[in-house]
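Source file: my_file26.txt; contents: compact mmCIF, C-alpha atoms.
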# COMPACT_ATOMS: atom_id res chain seq x y z
CA MET K 1309 0.00 0.00 0.00
CA PHE K 1310 2.65 2.56 1.04
CA GLY K 1311 4.83 1.73 -1.94
CA GLU K 1312 2.04 2.32 -4.43
CA LYS K 1313 1.11 5.62 -2.77
CA LEU K 1314 4.72 6.82 -2.77
CA GLN K 1315 5.31 5.82 -6.38
CA ALA K 1316 2.09 7.58 -7.45
CA LEU K 1317 3.20 10.75 -5.65
CA LEU K 1318 6.59 10.56 -7.34
CA ASP K 1319 4.96 10.06 -10.74
CA ASP K 1320 2.36 12.79 -10.22
CA ASN K 1321 5.04 15.27 -9.20
CA ASP K 1322 7.58 14.14 -11.82
CA ILE K 1323 10.18 13.32 -9.18
CA SER K 1324 12.61 10.43 -9.55
CA GLN K 1325 13.38 7.99 -6.78
CA SER K 1326 16.99 9.22 -6.88
CA LYS K 1327 15.95 12.85 -6.44
CA LEU K 1328 13.72 11.99 -3.49
CA ALA K 1329 16.53 9.96 -1.97
CA GLY K 1330 18.85 12.95 -2.18
CA GLU K 1331 16.28 15.27 -0.63
CA LEU K 1332 15.68 12.84 2.24
CA ASP K 1333 19.35 12.00 2.67
CA VAL K 1334 18.78 8.28 2.12
CA THR K 1335 19.99 5.90 -0.57
CA SER K 1336 18.21 5.37 -3.86
CA GLN K 1337 18.00 1.70 -2.89
CA ALA K 1338 16.01 2.62 0.23
CA VAL K 1339 13.47 4.57 -1.84
CA SER K 1340 13.29 1.71 -4.33
CA LYS K 1341 12.55 -0.73 -1.49
CA TRP K 1342 9.82 1.58 -0.20
CA CYS K 1343 8.22 1.85 -3.64
CA ASN K 1344 8.31 -1.93 -4.01
CA ASN K 1345 6.87 -2.54 -0.53
CA LEU K 1346 10.03 -4.30 0.61
CA ALA K 1347 10.61 -1.84 3.46
CA GLN K 1348 9.14 1.28 5.02
CA PRO K 1349 10.86 4.46 6.15
CA ASP K 1350 11.24 5.35 9.80
CA HIS K 1351 8.74 7.71 11.40
CA ASP K 1352 10.82 10.87 10.93
CA THR K 1353 11.38 10.11 7.25
CA LEU K 1354 7.69 9.31 6.84
CA LYS K 1355 6.88 12.78 8.24
CA LYS K 1356 9.32 14.36 5.78
CA ILE K 1357 7.68 12.51 2.86
CA ALA K 1358 4.20 13.56 4.00
CA ASN K 1359 5.31 17.20 4.31
CA LYS K 1360 7.08 17.16 0.95
CA PHE K 1361 3.98 15.96 -0.88
CA ASN K 1362 1.51 17.81 1.34
CA VAL K 1363 -0.33 14.64 2.35
CA SER K 1364 -0.99 13.04 5.70
CA ILE K 1365 0.93 10.11 7.12
CA ASP K 1366 -2.43 8.34 7.31
CA TYR K 1367 -2.80 8.81 3.57
CA LEU K 1368 0.66 7.37 2.94
CA LEU K 1369 -0.11 4.35 5.10
CA GLY K 1370 -3.52 3.78 3.55
CA ASN K 1371 -5.55 4.92 6.55
CA GLU K 1372 -7.20 7.82 4.78
CA LEU K 1373 -10.76 6.51 4.61
CA ASN K 1374 -12.69 7.08 7.77
CA ASP K 1375 -16.09 8.57 8.55
CA LYS K 1376 -14.72 12.12 8.55
CA THR K 1377 -12.99 11.62 5.21
CA ILE K 1378 -16.14 10.14 3.68
CA ASP K 1379 -18.18 13.09 5.01
CA ASN K 1380 -15.61 15.49 3.54
CA MET K 1381 -15.78 13.69 0.21
CA GLU K 1382 -19.57 14.08 0.18
CA GLU K 1383 -19.24 17.77 1.08
CA ASN K 1384 -16.72 18.23 -1.72
CA LYS K 1385 -19.06 16.54 -4.21
CA GLU K 1386 -21.87 18.87 -3.15
CA LEU K 1387 -19.56 21.86 -3.39
CA LEU K 1388 -18.31 20.85 -6.82
CA SER K 1389 -21.88 20.48 -7.99
CA LYS K 1390 -22.86 23.87 -6.55
CA VAL K 1391 -19.85 25.59 -8.03
CA SER K 1392 -20.25 24.07 -11.46
CA THR K 1393 -23.92 25.04 -11.73
CA GLU K 1394 -23.86 28.46 -10.08
CA LEU K 1395 -20.74 30.11 -11.45
CA GLN K 1396 -21.33 32.50 -14.31
CA ASP K 1397 -18.15 34.55 -14.05
CA PRO K 1398 -15.46 33.24 -16.45
CA THR K 1399 -12.67 33.90 -13.93
CA MET K 1400 -14.43 31.90 -11.25
CA LYS K 1401 -15.15 29.10 -13.71
CA ALA K 1402 -11.45 28.99 -14.57
CA LEU K 1403 -10.57 28.89 -10.87
CA TYR K 1404 -12.99 26.03 -10.30
CA SER K 1405 -11.62 24.20 -13.32
CA LYS K 1406 -8.02 24.49 -12.12
CA ALA K 1407 -9.00 23.45 -8.59
CA SER K 1408 -10.71 20.33 -9.86
CA GLU K 1409 -7.55 19.39 -11.79
CA LEU K 1410 -5.36 19.35 -8.67
CA LYS K 1411 -4.04 15.84 -8.10
CA ASN K 1412 -3.31 16.22 -4.41
CA GLU K 1413 -6.52 15.67 -2.45
CA ARG K 1414 -5.37 17.92 0.38
CA ASP K 1415 -4.68 20.82 -2.02
CA ARG K 1416 -7.98 20.25 -3.80
CA ARG K 1417 -9.87 20.34 -0.48
CA MET K 1418 -8.07 23.50 0.60
CA VAL K 1419 -8.86 25.34 -2.65
CA LEU K 1420 -12.45 24.13 -2.65
CA ASN K 1421 -12.87 25.34 0.94
CA VAL K 1422 -11.63 28.77 -0.12
CA ILE K 1423 -14.09 28.81 -3.01
CA ASN K 1424 -16.91 27.71 -0.71
CA SER K 1425 -16.06 30.45 1.79
CA PHE K 1426 -16.04 32.98 -1.02
CA ILE K 1427 -19.45 31.82 -2.25
CA GLU K 1428 -20.89 31.97 1.28
CA ASP K 1429 -19.44 35.45 1.78
CA VAL K 1430 -20.97 36.70 -1.46
CA ASP K 1431 -24.31 35.08 -0.56
CA ASN K 1432 -24.24 36.78 2.85
CA ARG K 1433 -23.52 40.19 1.30
CA ASP K 1434 -26.49 39.79 -1.04
CA ASN K 1435 -28.84 39.21 1.93
As structure tokens, what does this structure read like?
Amino acid sequence: MFGEKLQALLDDNDISQSKLAGELDVTSQAVSKWCNNLAQPDHDTLKKIANKFNVSIDYLLGNELNDKTIDNMEENKELLSKVSTELQDPTMKALYSKASELKNERDRRMVLNVINSFIEDVDNRDN
């Protein structure tokens, strides 16, 4: 599980195993073992990886689905639906489009929360 997540993050961010190894001050062989699920990094290195890719350690270890995450996913679906149907402004549509293209779930949630706050603020001003 961890290996697949790490390799996907490397691929999505166009980072080689060797480059990550250099940034983490570990060997390329260590990163290769992690990506092939032959070993896992220590806790401190796991934190560095999570911070580098802006994901949680839970995500890296495959513990990302829980009730709160599922609720957040449902909220995000509702928000995406609201945004896609209500936005008329071309700039806002472009912002929504770029936000939906983000590969990192944490970044996508953060941007969508900003958009949602903006929509709520505008709705409150209109009232």
#### Entry: Option closest in space to Asn1344 in chain K, from K:Phe1310, K:Tyr1404, K:Tyr1367, K:Phe1426 [counting only C-alpha atoms]
K:Phe1310
### Gap from CA of Trp1342 in chain K to CA of Leu1354 in chain K - Å, one decimal
10.7 Å
### Message
Counting only C-alpha atoms, which residue out of K:Ala1338, K:Ala1316, K:Ala1402, K:Leu1410 sits closest to Thr1353 in chain K?
### Response
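For Thr1353 in chain K, the nearest of the candidates is K:Ala1338.
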### Query
Which residues come within 12 Å of Gly1311 in chain K, counting only C-alpha atoms, excluding same-chain residues fewer than 5 positions away, as an NGL selection string?
:K and (1316-1318 or 1325 or 1338-1349 or 1354 or 1367-1370)
How big is the axis-aligned box, and where does its centre sit, when it encloses all atoms of range 1415-1422 of chain K listed in the file and has 3 Å added on every side, reported in Å to one decimal as lines of an AutoDock Vina configuration file?
center_x = -8.8
center_y = 24.5
center_z = -1.4
size_x = 14.2
size_y = 14.5
size_z = 10.7
### Query
What does the distance between CA of Arg1414 in chain K and CA of Gln1315 in chain K come to in Å, to one decimal place?
17.5 Å
### Task
Figure out the distance between CA of Glu1409 in chain K and CA of Leu1314 in chain K, please, to one decimal in Å.
19.7 Å
### Sphere at (3.9, 16.1, 7.6), radius 6 Å, counting all atoms listed in the file: residues as a list in words
Lys1355, Lys1356, Ala1358 and Asn1359 of chain K
Take the residues just selected and output them with C-alpha atoms as a short mmCIF file (atom, residue, chain, number, x, y, z; two decimals), in the frame of the given file.
data_model
loop_
_atom_site.label_atom_id
_atom_site.label_comp_id
_atom_site.auth_asym_id
_atom_site.auth_seq_id
_atom_site.Cartn_x
_atom_site.Cartn_y
_atom_site.Cartn_z
CA LYS K 1355 6.88 12.78 8.24
CA LYS K 1356 9.32 14.36 5.78
CA ALA K 1358 4.20 13.56 4.00
CA ASN K 1359 5.31 17.20 4.31
#
### Task
Counting all atoms listed in the file, figure out which residue out of K:Val1430, K:Gln1337, K:Asn1421, K:Asp1366 gets nearest to His1351 in chain K.
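Closest to His1351 in chain K, using all atoms listed in the file: K:Asp1366.
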### Query
Of the candidates K:Asp1319, K:Lys1406, K:Arg1433, K:Glu1312, which one gets nearest to Leu1420 in chain K if we count only C-alpha atoms?
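Residue with the minimum atom-to-atom distance to Leu1420 in chain K: K:Lys1406.
Each of K:Glu1428, K:Asn1321, K:Val1363, K:Val1334 was checked against Arg1416 in chain K using all atoms listed in the file; the smallest atom-to-atom distance is that of K:Val1363.
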